[in-house]
Amino acid sequence: MPVSKATFRWTTAQSVSIEFLDRQHARLFDAINDLHQALRSGRGNSAIDPVLAHLADYSRQHFEAEELLMEKHGFPGLPAHKAEHAMFRRKLAAFLRAHRVGKAGVPVSLIFFMQTWLKEHILTVDRQYSSFLNERGVR
């Protein structure tokens, strides 16, 4: 029986019912799976730089898209959501600093952080805007 390459998949259970945001979330999951595959093949430390760069760039784009959409429709939870995004950026910067100074275990720690953060953020925090925006016709 073949083993799936993806250890942490986006599924419809994580859907926020807004197609382009769901696609963006799925791409964040893909980045973590890429790092996991690199770790499994012994390339974790060499793969972490491009993964961190991708996460920083892609999360910036994704957070901007989410925040603009919430602002456009007057979502009252926007300030708290922005604070969650700012916390993520600080944590990602800390992983980058730790990696640059040669701290051991950064790739594995990053995977665990991202798995937890994505689950909690999408299933709890993003769900708060999901129904609000869906009620306003955003799909």
# chains A, B, ... in the order shown; residues from 1 in each chain; ligands from 1
>>> residues_around(residues="segment 111-122 of chain A", least_positions_apart="5", cutoff="12 Å", atoms="only C-alpha atoms", output="PyMOL selection string")
chain A and resi 7-17+21-22+24-39+44+48+51-52+55+59+63+66+80-85+87-89+91-92+94-95+105-106+127-130
>>> write_last_selection(atoms="C-alpha atoms", output="PDB file, in the first residue's frame")
ATOM      1  CA  THR A   7       1.246  14.243   6.194  1.00  0.00           C
ATOM      2  CA  PHE A   8      -0.851  17.305   6.820  1.00  0.00           C
ATOM      3  CA  ARG A   9      -3.504  17.923   4.223  1.00  0.00           C
ATOM      4  CA  TRP A  10      -5.995  20.675   3.706  1.00  0.00           C
ATOM      5  CA  THR A  11      -9.448  19.143   3.472  1.00  0.00           C
ATOM      6  CA  THR A  12     -12.952  20.521   3.161  1.00  0.00           C
ATOM      7  CA  ALA A  13     -13.150  20.269   6.963  1.00  0.00           C
ATOM      8  CA  GLN A  14     -10.877  23.350   7.018  1.00  0.00           C
ATOM      9  CA  SER A  15     -12.888  25.219   4.400  1.00  0.00           C
ATOM     10  CA  VAL A  16     -13.865  28.796   5.116  1.00  0.00           C
ATOM     11  CA  SER A  17     -16.307  28.593   2.185  1.00  0.00           C
ATOM     12  CA  LEU A  21      -8.880  31.705   0.563  1.00  0.00           C
ATOM     13  CA  ASP A  22      -9.317  27.927   0.708  1.00  0.00           C
ATOM     14  CA  GLN A  24      -4.376  29.813  -0.305  1.00  0.00           C
ATOM     15  CA  HIS A  25      -4.775  27.801   2.886  1.00  0.00           C
ATOM     16  CA  ALA A  26      -4.125  24.599   0.935  1.00  0.00           C
ATOM     17  CA  ARG A  27      -0.871  26.064  -0.406  1.00  0.00           C
ATOM     18  CA  LEU A  28       0.286  26.817   3.147  1.00  0.00           C
ATOM     19  CA  PHE A  29      -0.364  23.163   4.022  1.00  0.00           C
ATOM     20  CA  ASP A  30       1.645  22.153   0.938  1.00  0.00           C
ATOM     21  CA  ALA A  31       4.666  24.157   2.119  1.00  0.00           C
ATOM     22  CA  ILE A  32       4.700  22.277   5.413  1.00  0.00           C
ATOM     23  CA  ASN A  33       4.415  18.970   3.586  1.00  0.00           C
ATOM     24  CA  ASP A  34       7.378  19.955   1.411  1.00  0.00           C
ATOM     25  CA  LEU A  35       9.447  20.540   4.533  1.00  0.00           C
ATOM     26  CA  HIS A  36       8.282  17.258   6.035  1.00  0.00           C
ATOM     27  CA  GLN A  37       9.352  15.390   2.888  1.00  0.00           C
ATOM     28  CA  ALA A  38      12.740  17.110   3.015  1.00  0.00           C
ATOM     29  CA  LEU A  39      13.154  16.002   6.629  1.00  0.00           C
ATOM     30  CA  GLY A  44      15.573  19.325   6.456  1.00  0.00           C
ATOM     31  CA  ILE A  48      14.315  25.231   5.663  1.00  0.00           C
ATOM     32  CA  VAL A  51      10.386  27.002   3.092  1.00  0.00           C
ATOM     33  CA  LEU A  52      10.739  29.895   5.535  1.00  0.00           C
ATOM     34  CA  LEU A  55       5.979  30.947   4.228  1.00  0.00           C
ATOM     35  CA  SER A  59       1.535  34.292   4.413  1.00  0.00           C
ATOM     36  CA  PHE A  63      -2.954  37.805   5.321  1.00  0.00           C
ATOM     37  CA  GLU A  66      -7.937  38.152   4.208  1.00  0.00           C
ATOM     38  CA  ALA A  80      -8.108  40.694  16.692  1.00  0.00           C
ATOM     39  CA  HIS A  81      -7.502  38.870  13.413  1.00  0.00           C
ATOM     40  CA  LYS A  82      -4.701  41.266  12.510  1.00  0.00           C
ATOM     41  CA  ALA A  83      -3.149  40.613  15.926  1.00  0.00           C
ATOM     42  CA  GLU A  84      -3.166  36.850  15.195  1.00  0.00           C
ATOM     43  CA  HIS A  85      -1.422  37.504  11.891  1.00  0.00           C
ATOM     44  CA  MET A  87       1.879  36.978  16.141  1.00  0.00           C
ATOM     45  CA  PHE A  88       2.418  34.518  13.284  1.00  0.00           C
ATOM     46  CA  ARG A  89       4.880  36.860  11.567  1.00  0.00           C
ATOM     47  CA  LYS A  91       6.973  33.546  15.365  1.00  0.00           C
ATOM     48  CA  LEU A  92       8.119  32.940  11.791  1.00  0.00           C
ATOM     49  CA  ALA A  94      11.966  33.794  15.413  1.00  0.00           C
ATOM     50  CA  PHE A  95      12.270  30.513  13.507  1.00  0.00           C
ATOM     51  CA  GLY A 105      15.664  21.165  15.498  1.00  0.00           C
ATOM     52  CA  VAL A 106      14.270  24.224  13.755  1.00  0.00           C
ATOM     53  CA  ARG A 127     -14.261  30.535  10.962  1.00  0.00           C
ATOM     54  CA  GLN A 128     -15.260  33.769  12.690  1.00  0.00           C
ATOM     55  CA  TYR A 129     -15.051  35.703   9.426  1.00  0.00           C
ATOM     56  CA  SER A 130     -16.262  32.832   7.282  1.00  0.00           C
TER      57      SER A 130
END
>>> atom_distance(atom1="atom CA of Glu19 of chain A", atom2="atom CA of Ala53 of chain A")
24.6 Å
>>> select_by_dssp(residues="segment 3-136 of chain A", states="helix (DSSP H, G or I)", output="tab-separated table (two decimals) with N, CA, C and O atoms, in the first residue's frame")
chain	number	residue	atom	x	y	z
A	12	THR	N	-11.76	19.67	3.08
A	12	THR	CA	-12.95	20.52	3.16
A	12	THR	C	-13.36	20.79	4.61
A	12	THR	O	-14.08	21.75	4.86
A	13	ALA	N	-12.87	20.00	5.54
A	13	ALA	CA	-13.15	20.27	6.96
A	13	ALA	C	-12.54	21.61	7.40
A	13	ALA	O	-13.03	22.22	8.35
A	14	GLN	N	-11.49	22.06	6.70
A	14	GLN	CA	-10.88	23.35	7.02
A	14	GLN	C	-11.41	24.48	6.15
A	14	GLN	O	-10.94	25.61	6.23
A	19	GLU	N	-13.62	30.42	-1.83
A	19	GLU	CA	-12.78	29.57	-2.67
A	19	GLU	C	-11.32	30.02	-2.74
A	19	GLU	O	-10.41	29.21	-2.56
A	20	PHE	N	-11.07	31.29	-3.00
A	20	PHE	CA	-9.67	31.69	-3.18
A	20	PHE	C	-8.90	31.62	-1.86
A	20	PHE	O	-7.70	31.33	-1.85
A	21	LEU	N	-9.56	31.84	-0.72
A	21	LEU	CA	-8.88	31.70	0.56
A	21	LEU	C	-8.62	30.23	0.88
A	21	LEU	O	-7.57	29.89	1.43
A	22	ASP	N	-9.55	29.37	0.53
A	22	ASP	CA	-9.32	27.93	0.71
A	22	ASP	C	-8.10	27.48	-0.10
A	22	ASP	O	-7.28	26.70	0.39
A	23	ARG	N	-7.99	27.96	-1.32
A	23	ARG	CA	-6.83	27.59	-2.15
A	23	ARG	C	-5.53	28.07	-1.51
A	23	ARG	O	-4.52	27.38	-1.51
A	24	GLN	N	-5.57	29.28	-0.97
A	24	GLN	CA	-4.38	29.81	-0.31
A	24	GLN	C	-4.03	29.00	0.93
A	24	GLN	O	-2.86	28.70	1.18
A	25	HIS	N	-5.03	28.64	1.71
A	25	HIS	CA	-4.77	27.80	2.89
A	25	HIS	C	-4.14	26.48	2.46
A	25	HIS	O	-3.18	26.01	3.10
A	26	ALA	N	-4.66	25.88	1.41
A	26	ALA	CA	-4.13	24.60	0.93
A	26	ALA	C	-2.65	24.74	0.55
A	26	ALA	O	-1.85	23.83	0.82
A	27	ARG	N	-2.28	25.87	-0.02
A	27	ARG	CA	-0.87	26.06	-0.41
A	27	ARG	C	0.03	26.19	0.82
A	27	ARG	O	1.19	25.78	0.79
A	28	LEU	N	-0.49	26.76	1.91
A	28	LEU	CA	0.29	26.82	3.15
A	28	LEU	C	0.52	25.40	3.69
A	28	LEU	O	1.60	25.08	4.15
A	29	PHE	N	-0.51	24.56	3.61
A	29	PHE	CA	-0.36	23.16	4.02
A	29	PHE	C	0.70	22.48	3.15
A	29	PHE	O	1.52	21.71	3.65
A	30	ASP	N	0.67	22.76	1.86
A	30	ASP	CA	1.64	22.15	0.94
A	30	ASP	C	3.08	22.51	1.32
A	30	ASP	O	3.98	21.66	1.22
A	31	ALA	N	3.31	23.74	1.74
A	31	ALA	CA	4.67	24.16	2.12
A	31	ALA	C	5.17	23.34	3.31
A	31	ALA	O	6.34	22.94	3.34
A	32	ILE	N	4.30	23.08	4.26
A	32	ILE	CA	4.70	22.28	5.41
A	32	ILE	C	4.97	20.84	5.00
A	32	ILE	O	5.91	20.20	5.47
A	33	ASN	N	4.17	20.33	4.08
A	33	ASN	CA	4.42	18.97	3.59
A	33	ASN	C	5.73	18.88	2.83
A	33	ASN	O	6.43	17.87	2.91
A	34	ASP	N	6.09	19.94	2.10
A	34	ASP	CA	7.38	19.96	1.41
A	34	ASP	C	8.53	19.85	2.42
A	34	ASP	O	9.49	19.11	2.21
A	35	LEU	N	8.42	20.59	3.51
A	35	LEU	CA	9.45	20.54	4.53
A	35	LEU	C	9.48	19.15	5.18
A	35	LEU	O	10.56	18.60	5.43
A	36	HIS	N	8.33	18.60	5.44
A	36	HIS	CA	8.28	17.26	6.04
A	36	HIS	C	8.97	16.24	5.13
A	36	HIS	O	9.74	15.39	5.59
A	37	GLN	N	8.71	16.31	3.83
A	37	GLN	CA	9.35	15.39	2.89
A	37	GLN	C	10.86	15.59	2.87
A	37	GLN	O	11.62	14.63	2.79
A	38	ALA	N	11.30	16.84	2.96
A	38	ALA	CA	12.74	17.11	3.02
A	38	ALA	C	13.36	16.49	4.27
A	38	ALA	O	14.44	15.91	4.22
A	39	LEU	N	12.66	16.61	5.39
A	39	LEU	CA	13.15	16.00	6.63
A	39	LEU	C	13.26	14.49	6.50
A	39	LEU	O	14.25	13.89	6.92
A	40	ARG	N	12.24	13.89	5.92
A	40	ARG	CA	12.23	12.43	5.76
A	40	ARG	C	13.38	11.94	4.89
A	40	ARG	O	13.85	10.83	5.05
A	44	GLY	N	16.32	18.33	5.70
A	44	GLY	CA	15.57	19.33	6.46
A	44	GLY	C	16.28	20.66	6.59
A	44	GLY	O	15.70	21.71	6.35
A	45	ASN	N	17.57	20.62	6.96
A	45	ASN	CA	18.29	21.88	7.16
A	45	ASN	C	18.52	22.63	5.86
A	45	ASN	O	18.50	23.86	5.84
A	46	SER	N	18.71	21.92	4.76
A	46	SER	CA	18.90	22.63	3.49
A	46	SER	C	17.59	23.13	2.92
A	46	SER	O	17.57	24.09	2.15
A	47	ALA	N	16.48	22.53	3.32
A	47	ALA	CA	15.18	22.93	2.78
A	47	ALA	C	14.53	24.04	3.58
A	47	ALA	O	13.60	24.69	3.11
A	48	ILE	N	15.02	24.29	4.79
A	48	ILE	CA	14.31	25.23	5.66
A	48	ILE	C	14.36	26.67	5.15
A	48	ILE	O	13.38	27.39	5.25
A	49	ASP	N	15.49	27.09	4.56
A	49	ASP	CA	15.56	28.47	4.05
A	49	ASP	C	14.48	28.75	3.01
A	49	ASP	O	13.74	29.72	3.14
A	50	PRO	N	14.38	27.93	1.95
A	50	PRO	CA	13.32	28.22	0.98
A	50	PRO	C	11.92	28.07	1.56
A	50	PRO	O	11.01	28.83	1.17
A	51	VAL	N	11.72	27.15	2.49
A	51	VAL	CA	10.39	27.00	3.09
A	51	VAL	C	10.05	28.23	3.93
A	51	VAL	O	8.94	28.77	3.84
A	52	LEU	N	10.99	28.69	4.74
A	52	LEU	CA	10.74	29.89	5.54
A	52	LEU	C	10.48	31.11	4.64
A	52	LEU	O	9.58	31.91	4.92
A	53	ALA	N	11.26	31.24	3.58
A	53	ALA	CA	11.06	32.36	2.64
A	53	ALA	C	9.67	32.27	2.01
A	53	ALA	O	8.96	33.27	1.90
A	54	HIS	N	9.29	31.07	1.59
A	54	HIS	CA	7.98	30.87	0.99
A	54	HIS	C	6.87	31.19	2.00
A	54	HIS	O	5.90	31.88	1.66
A	55	LEU	N	7.00	30.69	3.21
A	55	LEU	CA	5.98	30.95	4.23
A	55	LEU	C	5.86	32.43	4.54
A	55	LEU	O	4.75	32.95	4.69
A	56	ALA	N	6.98	33.11	4.62
A	56	ALA	CA	6.95	34.54	4.90
A	56	ALA	C	6.26	35.30	3.77
A	56	ALA	O	5.38	36.13	4.01
A	57	ASP	N	6.64	35.00	2.54
A	57	ASP	CA	6.05	35.69	1.39
A	57	ASP	C	4.58	35.33	1.21
A	57	ASP	O	3.73	36.21	1.06
A	58	TYR	N	4.30	34.05	1.24
A	58	TYR	CA	2.95	33.62	0.95
A	58	TYR	C	1.98	33.99	2.07
A	58	TYR	O	0.84	34.39	1.81
A	59	SER	N	2.43	33.90	3.32
A	59	SER	CA	1.53	34.29	4.41
A	59	SER	C	1.27	35.79	4.36
A	59	SER	O	0.16	36.24	4.65
A	60	ARG	N	2.27	36.58	3.95
A	60	ARG	CA	2.04	38.03	3.81
A	60	ARG	C	0.94	38.28	2.79
A	60	ARG	O	0.00	39.03	3.03
A	61	GLN	N	1.04	37.62	1.63
A	61	GLN	CA	0.02	37.79	0.60
A	61	GLN	C	-1.35	37.32	1.09
A	61	GLN	O	-2.36	37.99	0.88
A	62	HIS	N	-1.37	36.18	1.74
A	62	HIS	CA	-2.62	35.62	2.22
A	62	HIS	C	-3.24	36.51	3.29
A	62	HIS	O	-4.44	36.80	3.25
A	63	PHE	N	-2.43	36.95	4.25
A	63	PHE	CA	-2.95	37.80	5.32
A	63	PHE	C	-3.50	39.11	4.75
A	63	PHE	O	-4.54	39.59	5.18
A	64	GLU	N	-2.80	39.69	3.78
A	64	GLU	CA	-3.30	40.91	3.15
A	64	GLU	C	-4.65	40.67	2.48
A	64	GLU	O	-5.56	41.49	2.61
A	65	ALA	N	-4.78	39.56	1.78
A	65	ALA	CA	-6.04	39.24	1.10
A	65	ALA	C	-7.17	39.08	2.11
A	65	ALA	O	-8.27	39.62	1.92
A	66	GLU	N	-6.92	38.34	3.17
A	66	GLU	CA	-7.94	38.15	4.21
A	66	GLU	C	-8.33	39.49	4.83
A	66	GLU	O	-9.51	39.79	4.97
A	67	GLU	N	-7.33	40.26	5.22
A	67	GLU	CA	-7.59	41.51	5.91
A	67	GLU	C	-8.32	42.52	5.03
A	67	GLU	O	-9.23	43.22	5.49
A	68	LEU	N	-7.94	42.60	3.76
A	68	LEU	CA	-8.65	43.50	2.85
A	68	LEU	C	-10.11	43.09	2.68
A	68	LEU	O	-11.00	43.95	2.65
A	69	LEU	N	-10.36	41.82	2.58
A	69	LEU	CA	-11.72	41.32	2.44
A	69	LEU	C	-12.54	41.63	3.69
A	69	LEU	O	-13.69	42.08	3.61
A	70	MET	N	-11.95	41.41	4.86
A	70	MET	CA	-12.65	41.71	6.11
A	70	MET	C	-12.92	43.20	6.24
A	70	MET	O	-14.00	43.62	6.67
A	71	GLU	N	-11.93	44.01	5.85
A	71	GLU	CA	-12.10	45.47	5.92
A	71	GLU	C	-13.20	45.94	4.97
A	71	GLU	O	-14.06	46.74	5.34
A	72	LYS	N	-13.19	45.41	3.77
A	72	LYS	CA	-14.17	45.79	2.76
A	72	LYS	C	-15.60	45.54	3.24
A	72	LYS	O	-16.50	46.33	2.96
A	78	LEU	N	-11.84	42.26	12.87
A	78	LEU	CA	-10.60	42.52	12.12
A	78	LEU	C	-9.40	42.85	13.01
A	78	LEU	O	-8.32	42.29	12.81
A	79	PRO	N	-9.54	43.72	14.02
A	79	PRO	CA	-8.35	44.02	14.84
A	79	PRO	C	-7.76	42.78	15.52
A	79	PRO	O	-6.54	42.60	15.53
A	80	ALA	N	-8.60	41.91	16.04
A	80	ALA	CA	-8.11	40.69	16.69
A	80	ALA	C	-7.47	39.76	15.66
A	80	ALA	O	-6.45	39.12	15.94
A	81	HIS	N	-8.05	39.72	14.46
A	81	HIS	CA	-7.50	38.87	13.41
A	81	HIS	C	-6.13	39.38	12.98
A	81	HIS	O	-5.20	38.59	12.79
A	82	LYS	N	-6.00	40.69	12.86
A	82	LYS	CA	-4.70	41.27	12.51
A	82	LYS	C	-3.66	40.94	13.57
A	82	LYS	O	-2.50	40.68	13.26
A	83	ALA	N	-4.07	40.94	14.84
A	83	ALA	CA	-3.15	40.61	15.93
A	83	ALA	C	-2.67	39.16	15.81
A	83	ALA	O	-1.49	38.87	16.06
A	84	GLU	N	-3.56	38.25	15.42
A	84	GLU	CA	-3.17	36.85	15.20
A	84	GLU	C	-2.13	36.76	14.08
A	84	GLU	O	-1.15	36.03	14.18
A	85	HIS	N	-2.36	37.51	13.01
A	85	HIS	CA	-1.42	37.50	11.89
A	85	HIS	C	-0.07	38.07	12.31
A	85	HIS	O	0.99	37.55	11.92
A	86	ALA	N	-0.08	39.13	13.12
A	86	ALA	CA	1.17	39.74	13.59
A	86	ALA	C	1.94	38.75	14.46
A	86	ALA	O	3.17	38.65	14.37
A	87	MET	N	1.23	37.99	15.30
A	87	MET	CA	1.88	36.98	16.14
A	87	MET	C	2.55	35.92	15.26
A	87	MET	O	3.67	35.51	15.52
A	88	PHE	N	1.85	35.51	14.20
A	88	PHE	CA	2.42	34.52	13.28
A	88	PHE	C	3.71	35.04	12.65
A	88	PHE	O	4.71	34.34	12.60
A	89	ARG	N	3.69	36.29	12.19
A	89	ARG	CA	4.88	36.86	11.57
A	89	ARG	C	6.05	36.92	12.55
A	89	ARG	O	7.19	36.64	12.19
A	90	ARG	N	5.77	37.27	13.81
A	90	ARG	CA	6.83	37.31	14.83
A	90	ARG	C	7.40	35.91	15.06
A	90	ARG	O	8.61	35.73	15.18
A	91	LYS	N	6.53	34.92	15.12
A	91	LYS	CA	6.97	33.55	15.36
A	91	LYS	C	7.81	33.05	14.18
A	91	LYS	O	8.85	32.42	14.38
A	92	LEU	N	7.37	33.35	12.98
A	92	LEU	CA	8.12	32.94	11.79
A	92	LEU	C	9.50	33.60	11.78
A	92	LEU	O	10.50	32.95	11.47
A	93	ALA	N	9.56	34.87	12.15
A	93	ALA	CA	10.85	35.58	12.23
A	93	ALA	C	11.76	34.93	13.28
A	93	ALA	O	12.97	34.82	13.08
A	94	ALA	N	11.18	34.46	14.37
A	94	ALA	CA	11.97	33.79	15.41
A	94	ALA	C	12.54	32.47	14.89
A	94	ALA	O	13.69	32.13	15.19
A	95	PHE	N	11.75	31.75	14.10
A	95	PHE	CA	12.27	30.51	13.51
A	95	PHE	C	13.43	30.83	12.57
A	95	PHE	O	14.43	30.12	12.55
A	96	LEU	N	13.31	31.87	11.80
A	96	LEU	CA	14.37	32.26	10.87
A	96	LEU	C	15.64	32.63	11.63
A	96	LEU	O	16.74	32.18	11.28
A	97	ARG	N	15.49	33.42	12.70
A	97	ARG	CA	16.66	33.78	13.51
A	97	ARG	C	17.31	32.54	14.11
A	97	ARG	O	18.54	32.40	14.10
A	98	ALA	N	16.50	31.64	14.64
A	98	ALA	CA	17.03	30.42	15.26
A	98	ALA	C	17.80	29.58	14.23
A	98	ALA	O	18.87	29.04	14.53
A	99	HIS	N	17.25	29.50	13.03
A	99	HIS	CA	17.93	28.74	11.99
A	99	HIS	C	19.25	29.40	11.60
A	99	HIS	O	20.27	28.73	11.43
A	100	ARG	N	19.25	30.71	11.48
A	100	ARG	CA	20.47	31.42	11.06
A	100	ARG	C	21.61	31.28	12.07
A	100	ARG	O	22.77	31.34	11.68
A	106	VAL	N	15.17	23.19	14.27
A	106	VAL	CA	14.27	24.22	13.75
A	106	VAL	C	13.27	23.65	12.75
A	106	VAL	O	12.08	23.95	12.84
A	107	PRO	N	13.68	22.82	11.79
A	107	PRO	CA	12.69	22.31	10.84
A	107	PRO	C	11.55	21.54	11.51
A	107	PRO	O	10.38	21.75	11.18
A	108	VAL	N	11.87	20.70	12.47
A	108	VAL	CA	10.84	19.92	13.15
A	108	VAL	C	9.95	20.84	13.98
A	108	VAL	O	8.71	20.71	13.98
A	109	SER	N	10.55	21.78	14.68
A	109	SER	CA	9.77	22.74	15.48
A	109	SER	C	8.84	23.55	14.59
A	109	SER	O	7.70	23.82	14.97
A	110	LEU	N	9.33	23.93	13.43
A	110	LEU	CA	8.51	24.70	12.50
A	110	LEU	C	7.31	23.88	12.03
A	110	LEU	O	6.19	24.38	11.96
A	111	ILE	N	7.54	22.62	11.72
A	111	ILE	CA	6.43	21.76	11.29
A	111	ILE	C	5.37	21.67	12.38
A	111	ILE	O	4.18	21.84	12.12
A	112	PHE	N	5.80	21.40	13.61
A	112	PHE	CA	4.83	21.29	14.70
A	112	PHE	C	4.07	22.60	14.91
A	112	PHE	O	2.86	22.60	15.11
A	113	PHE	N	4.80	23.71	14.89
A	113	PHE	CA	4.15	25.01	15.05
A	113	PHE	C	3.11	25.24	13.96
A	113	PHE	O	1.97	25.62	14.23
A	114	MET	N	3.53	25.01	12.70
A	114	MET	CA	2.61	25.28	11.58
A	114	MET	C	1.39	24.37	11.62
A	114	MET	O	0.28	24.82	11.34
A	115	GLN	N	1.58	23.10	11.95
A	115	GLN	CA	0.44	22.20	12.01
A	115	GLN	C	-0.56	22.68	13.06
A	115	GLN	O	-1.76	22.74	12.80
A	116	THR	N	-0.07	23.03	14.21
A	116	THR	CA	-0.94	23.50	15.28
A	116	THR	C	-1.57	24.84	14.92
A	116	THR	O	-2.77	25.04	15.05
A	117	TRP	N	-0.75	25.76	14.43
A	117	TRP	CA	-1.25	27.10	14.14
A	117	TRP	C	-2.29	27.06	13.03
A	117	TRP	O	-3.35	27.69	13.17
A	118	LEU	N	-2.01	26.35	11.95
A	118	LEU	CA	-2.98	26.30	10.86
A	118	LEU	C	-4.30	25.69	11.31
A	118	LEU	O	-5.37	26.22	10.99
A	119	LYS	N	-4.24	24.60	12.04
A	119	LYS	CA	-5.48	23.99	12.52
A	119	LYS	C	-6.26	24.96	13.39
A	119	LYS	O	-7.45	25.18	13.17
A	120	GLU	N	-5.59	25.52	14.39
A	120	GLU	CA	-6.28	26.42	15.32
A	120	GLU	C	-6.74	27.70	14.63
A	120	GLU	O	-7.85	28.16	14.85
A	121	HIS	N	-5.89	28.27	13.81
A	121	HIS	CA	-6.23	29.53	13.17
A	121	HIS	C	-7.39	29.35	12.18
A	121	HIS	O	-8.35	30.10	12.22
A	122	ILE	N	-7.29	28.36	11.34
A	122	ILE	CA	-8.34	28.17	10.34
A	122	ILE	C	-9.64	27.72	11.00
A	122	ILE	O	-10.71	28.27	10.71
A	123	LEU	N	-9.57	26.73	11.87
A	123	LEU	CA	-10.78	26.16	12.44
A	123	LEU	C	-11.44	27.04	13.49
A	123	LEU	O	-12.63	26.88	13.77
A	124	THR	N	-10.71	27.96	14.07
A	124	THR	CA	-11.28	28.82	15.11
A	124	THR	C	-11.36	30.27	14.64
A	124	THR	O	-12.44	30.84	14.50
A	125	VAL	N	-10.22	30.87	14.37
A	125	VAL	CA	-10.16	32.30	14.08
A	125	VAL	C	-10.77	32.61	12.71
A	125	VAL	O	-11.59	33.51	12.57
A	126	ASP	N	-10.36	31.85	11.67
A	126	ASP	CA	-10.88	32.12	10.34
A	126	ASP	C	-12.38	31.81	10.24
A	126	ASP	O	-13.09	32.45	9.47
A	127	ARG	N	-12.83	30.86	10.99
A	127	ARG	CA	-14.26	30.53	10.96
A	127	ARG	C	-15.11	31.72	11.43
A	127	ARG	O	-16.28	31.83	11.07
A	128	GLN	N	-14.52	32.60	12.22
A	128	GLN	CA	-15.26	33.77	12.69
A	128	GLN	C	-15.62	34.69	11.53
A	128	GLN	O	-16.71	35.25	11.49
A	129	TYR	N	-14.72	34.86	10.57
A	129	TYR	CA	-15.05	35.70	9.43
A	129	TYR	C	-15.82	34.94	8.36
A	129	TYR	O	-16.53	35.54	7.55
A	130	SER	N	-15.66	33.64	8.33
A	130	SER	CA	-16.26	32.83	7.28
A	130	SER	C	-17.76	33.05	7.17
A	130	SER	O	-18.27	33.45	6.12
A	131	SER	N	-18.49	32.80	8.24
A	131	SER	CA	-19.95	32.95	8.17
A	131	SER	C	-20.34	34.41	7.96
A	131	SER	O	-21.29	34.70	7.23
A	132	PHE	N	-19.60	35.33	8.56
A	132	PHE	CA	-19.88	36.75	8.39
A	132	PHE	C	-19.80	37.14	6.91
A	132	PHE	O	-20.69	37.79	6.37
A	133	LEU	N	-18.71	36.74	6.26
A	133	LEU	CA	-18.52	37.09	4.85
A	133	LEU	C	-19.46	36.30	3.93
A	133	LEU	O	-19.98	36.84	2.95
A	134	ASN	N	-19.68	35.04	4.26
A	134	ASN	CA	-20.62	34.23	3.46
A	134	ASN	C	-22.01	34.87	3.46
A	134	ASN	O	-22.69	34.88	2.43
A	135	GLU	N	-22.44	35.38	4.61
A	135	GLU	CA	-23.75	36.05	4.71
A	135	GLU	C	-23.81	37.29	3.82
A	135	GLU	O	-24.90	37.73	3.46
